[in-house]
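Below is one structure, written out as structure tokens, with a few remarks after it.
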Amino acid sequence: MEHYDLLLARVGELLEAGRREARQKINAALVETYWHIGRHIVEFEQQGEHTAQYGKQLLDLLSKDLKQRYGKGFSRSNIYQMRQLYLCYPKIQTLSGKLGWSVYCELLCVSEPLARSFYEKQCLVENWSVRELKRQINSGLFERLAISTDKKGVLALSNDGHQPTDPADLVKDPYVFEFLNLPERKQYSEKQLENQLVDKLAQFLLELGKGFAFIAQQYRVTLNNTHYYVDLLFYHRILKCFVLIDLKLGKVSHQDIGQMNLYLNYFKKEENTEGDHEPIGIVLVADKDEILVEYATGSISNQIFVSRYKTHLPDRKELARELALLLKEGD
């Protein structure tokens, strides 16, 4: 029976792999078919005056007739998205065979081409579900990452996605924790915030980004029989370093930065092993004073970052305005 169980397991693995491949091919064929439908619609619209009689009713008419002939899947909104697919991706070679129609429907909701390209790359790199993609778009991930870089960095994000290569690449400002469904800031404690993030670790890791592995909560650091505690400890698999996170409800103080500096010095001496790079510290705060942060970190050699967090989705229009100013300044 032992050999039979092994046979059964291998057959099961083959079936699962075959089904995944079949689904991927079906999805790719569907997206390609919808692209061609969109192309035919646009070309029909561009033929000239004799098509003007259809006007805005064209999609309604197509939807009605296609549903009668081929059944579900041809609502007016779905046909509109097929048309948009062609307009946004005029070269069929730019479509990915690994992304399904439902993913492209979400991507088509992103009007800014740079942002759309970024989210498409991230879907491929991190294998986001449609739900995860929607959440990242709503949280303005592209804008949050782009605002902290320069014009060249914005273009790199759009072309390559978010590929962390140094400590600064790990940090967002702000982080968004709307998935915690927390009340107003004064109604919860730092401990409650920390516990909620650990309870919803999957969403928290998604917000932190690719490469983070959770190690511990309230990691103890002991010096001369005095105990200190790092709120949240992670290891970054790509940069090969510890990432220490401390949570603060109010504004950051120079004592918060000094404490993080102490933790990082301890980790370099006591926790790092061969192959580990220098640890990174992130102090997450509700508010921060940029001038204070500049002076408090000015002479520190350790990698310390101070970022804000929000417990609600940011105003995407405001983020877009900030990004537009950044790109304008880069001209």
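Ordering of the structure tokens sets the chain letters (A, B, ...), residue numbers begin anew at 1 in every chain, and ligands are numbered from 1 in the order given.
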Proximity of range 127-198 of chain A to range 292-310 of chain A: per-residue shortest pair, 6 Å limit, only C-alpha atoms, as JSON lines:
{"residue": "A:Asp173", "atom": "CA", "partner": "A:Ser307", "partner_atom": "CA", "distance": 5.2}
{"residue": "A:Pro174", "atom": "CA", "partner": "A:Arg308", "partner_atom": "CA", "distance": 4.7}
{"residue": "A:Tyr175", "atom": "CA", "partner": "A:Tyr309", "partner_atom": "CA", "distance": 4.5}
{"residue": "A:Val176", "atom": "CA", "partner": "A:Lys310", "partner_atom": "CA", "distance": 4.9}
{"residue": "A:Phe177", "atom": "CA", "partner": "A:Lys310", "partner_atom": "CA", "distance": 5.9}
Neighbours of range 89-96 of chain A within 9 Å (only C-alpha atoms; same-chain residues fewer than 4 positions away dropped), as a list in words?
Ala28, Val31, Glu32, Trp35, His36, Arg39, Gln84, Leu85, Gly100, Glu120 and Leu124 of chain A
Go ahead and save the residues from that selection, with N, CA and C atoms, as a compact mmCIF listing (two decimals), in the first residue's frame.
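Here's the written file out23.txt:
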# COMPACT_ATOMS: atom_id res chain seq x y z
N ALA A 28 -6.07 32.51 -21.23
CA ALA A 28 -5.29 33.26 -22.23
C ALA A 28 -6.06 33.36 -23.55
N VAL A 31 -8.95 35.91 -23.13
CA VAL A 31 -8.47 37.30 -23.18
C VAL A 31 -8.14 37.69 -24.62
N GLU A 32 -7.48 36.80 -25.34
CA GLU A 32 -7.12 37.07 -26.74
C GLU A 32 -8.38 37.24 -27.60
N TRP A 35 -9.92 40.55 -26.89
CA TRP A 35 -9.12 41.62 -27.50
C TRP A 35 -9.52 41.79 -28.97
N HIS A 36 -9.68 40.68 -29.68
CA HIS A 36 -10.08 40.74 -31.09
C HIS A 36 -11.49 41.31 -31.24
N ARG A 39 -11.14 44.95 -30.89
CA ARG A 39 -10.56 45.55 -32.10
C ARG A 39 -11.61 45.72 -33.19
N GLN A 84 -12.29 48.49 -24.35
CA GLN A 84 -11.22 49.15 -23.61
C GLN A 84 -9.93 48.35 -23.63
N LEU A 85 -10.06 47.03 -23.61
CA LEU A 85 -8.86 46.18 -23.65
C LEU A 85 -8.05 46.48 -24.90
N GLY A 100 -5.76 36.38 -16.21
CA GLY A 100 -7.10 36.09 -16.71
C GLY A 100 -7.91 37.35 -16.99
N GLU A 120 0.01 45.53 -13.34
CA GLU A 120 0.10 44.33 -14.17
C GLU A 120 1.38 43.56 -13.83
N LEU A 124 1.94 39.69 -11.88
CA LEU A 124 2.78 38.60 -12.39
C LEU A 124 3.85 38.21 -11.38
For Gly281 in chain A: contacts at 7 Å, only C-alpha atoms, fewer than 2 positions along chain excluded, given as number ranges by chain
A: 243-245, 260, 264, 279, 283, 303-305
Taking the chain letters and numbering used in this document, name the residues of range 163-203 of chain A that DSSP puts in helix (DSSP H, G or I), as a list of chain:residue names.
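So, restricting range 163-203 of chain A to helix (DSSP H, G or I), we get A:Pro167, A:Ala168, A:Asp169, A:Leu170, A:Glu178, A:Phe179, A:Leu180, A:Arg185, A:Lys186, A:Gln187, A:Glu190, A:Lys191, A:Gln192, A:Leu193, A:Glu194, A:Asn195, A:Gln196, A:Leu197, A:Val198, A:Asp199, A:Leu201, A:Ala202, A:Gln203.
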With N, CA and C atoms retained, could you export that selection as a short mmCIF file (atom, residue, chain, number, x, y, z; two decimals), in the first residue's frame?
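Saved the output as part-v1.cif:
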data_model
loop_
_atom_site.label_atom_id
_atom_site.label_comp_id
_atom_site.auth_asym_id
_atom_site.auth_seq_id
_atom_site.Cartn_x
_atom_site.Cartn_y
_atom_site.Cartn_z
N PRO A 167 17.52 48.85 1.21
CA PRO A 167 16.58 49.07 2.31
C PRO A 167 15.49 50.10 2.03
N ALA A 168 15.84 51.19 1.35
CA ALA A 168 14.85 52.23 1.09
C ALA A 168 13.68 51.72 0.25
N ASP A 169 13.94 50.68 -0.57
CA ASP A 169 12.89 50.14 -1.43
C ASP A 169 11.79 49.45 -0.63
N LEU A 170 12.09 49.06 0.61
CA LEU A 170 11.11 48.33 1.42
C LEU A 170 10.04 49.25 2.00
N GLU A 178 -6.35 49.63 6.45
CA GLU A 178 -7.81 49.71 6.47
C GLU A 178 -8.44 48.35 6.74
N PHE A 179 -7.71 47.28 6.47
CA PHE A 179 -8.24 45.93 6.67
C PHE A 179 -8.45 45.59 8.14
N LEU A 180 -7.91 46.41 9.05
CA LEU A 180 -8.10 46.17 10.49
C LEU A 180 -9.47 46.62 10.98
N ARG A 185 -8.34 56.79 16.18
CA ARG A 185 -7.08 56.46 16.81
C ARG A 185 -7.11 56.49 18.33
N LYS A 186 -7.82 57.42 18.93
CA LYS A 186 -7.81 57.56 20.38
C LYS A 186 -8.54 56.43 21.08
N GLN A 187 -9.23 55.60 20.33
CA GLN A 187 -10.03 54.55 20.95
C GLN A 187 -9.34 53.19 20.99
N GLU A 190 -1.61 51.02 21.47
CA GLU A 190 -0.56 50.47 20.62
C GLU A 190 -0.58 48.94 20.65
N LYS A 191 -0.86 48.39 21.83
CA LYS A 191 -0.93 46.93 21.96
C LYS A 191 -2.06 46.35 21.13
N GLN A 192 -3.21 47.03 21.13
CA GLN A 192 -4.34 46.57 20.32
C GLN A 192 -4.01 46.63 18.83
N LEU A 193 -3.34 47.70 18.42
CA LEU A 193 -2.93 47.83 17.02
C LEU A 193 -1.98 46.70 16.65
N GLU A 194 -1.02 46.45 17.49
CA GLU A 194 -0.05 45.37 17.25
C GLU A 194 -0.74 44.01 17.16
N ASN A 195 -1.63 43.73 18.09
CA ASN A 195 -2.33 42.43 18.10
C ASN A 195 -3.19 42.25 16.86
N GLN A 196 -3.83 43.32 16.43
CA GLN A 196 -4.68 43.26 15.24
C GLN A 196 -3.85 42.96 14.00
N LEU A 197 -2.67 43.56 13.91
CA LEU A 197 -1.80 43.32 12.75
C LEU A 197 -1.33 41.87 12.71
N VAL A 198 -1.04 41.31 13.88
CA VAL A 198 -0.61 39.91 13.94
C VAL A 198 -1.79 38.99 13.64
N ASP A 199 -2.98 39.34 14.15
CA ASP A 199 -4.17 38.52 13.90
C ASP A 199 -4.49 38.47 12.40
N LEU A 201 -2.32 38.69 9.82
CA LEU A 201 -0.95 38.69 9.31
C LEU A 201 -0.89 38.60 7.79
N ALA A 202 -1.79 37.82 7.18
CA ALA A 202 -1.76 37.66 5.72
C ALA A 202 -1.94 39.01 5.04
N GLN A 203 -2.93 39.82 5.51
CA GLN A 203 -3.16 41.14 4.92
C GLN A 203 -2.00 42.08 5.22
#
Name the residues in contact with Ala146 in chain A at a cut-off of 12 Å, using only C-alpha atoms, excluding same-chain residues fewer than 2 positions from it; report them as JSON, numbers by chain.
{"A": [114, 115, 118, 140, 141, 142, 143, 144, 148, 149, 150, 151, 152, 153, 154, 155, 156, 157, 158, 161, 162, 169, 171, 172, 173, 174, 319, 320, 321, 322, 323, 324, 325, 326, 327]}
Take the residues that were just selected and, keeping C-alpha atoms, output them as a compact mmCIF listing (two decimals), in the first residue's frame.
# COMPACT_ATOMS: atom_id res chain seq x y z
CA LEU A 114 2.07 54.05 -15.74
CA ALA A 115 0.02 52.83 -12.80
CA PHE A 118 2.87 48.68 -12.52
CA GLY A 140 -3.02 53.69 -4.05
CA LEU A 141 0.01 51.42 -3.82
CA PHE A 142 1.62 52.72 -7.01
CA GLU A 143 1.24 56.35 -5.96
CA ARG A 144 2.52 55.65 -2.42
CA SER A 148 8.90 58.44 -2.39
CA THR A 149 11.15 58.19 -5.46
CA ASP A 150 12.13 60.34 -8.45
CA LYS A 151 10.89 60.42 -12.04
CA LYS A 152 13.37 57.74 -13.07
CA GLY A 153 12.17 55.58 -10.19
CA VAL A 154 8.53 56.06 -11.21
CA LEU A 155 9.30 54.81 -14.72
CA ALA A 156 11.20 51.85 -13.27
CA LEU A 157 8.19 50.94 -11.13
CA SER A 158 5.97 51.07 -14.19
CA GLY A 161 7.19 46.49 -10.88
CA HIS A 162 8.44 46.85 -7.31
CA ASP A 169 12.89 50.14 -1.43
CA VAL A 171 9.55 51.43 2.90
CA LYS A 172 6.19 52.98 2.04
CA ASP A 173 4.78 56.23 3.34
CA PRO A 174 2.06 55.89 4.35
CA LEU A 319 -2.03 60.89 -4.11
CA ALA A 320 -2.42 61.31 -7.88
CA ARG A 321 -1.98 65.09 -7.53
CA GLU A 322 1.21 64.61 -5.50
CA LEU A 323 2.55 62.20 -8.12
CA ALA A 324 1.68 64.60 -10.95
CA LEU A 325 3.65 67.35 -9.19
CA LEU A 326 6.61 65.01 -8.77
CA LEU A 327 6.62 64.12 -12.47
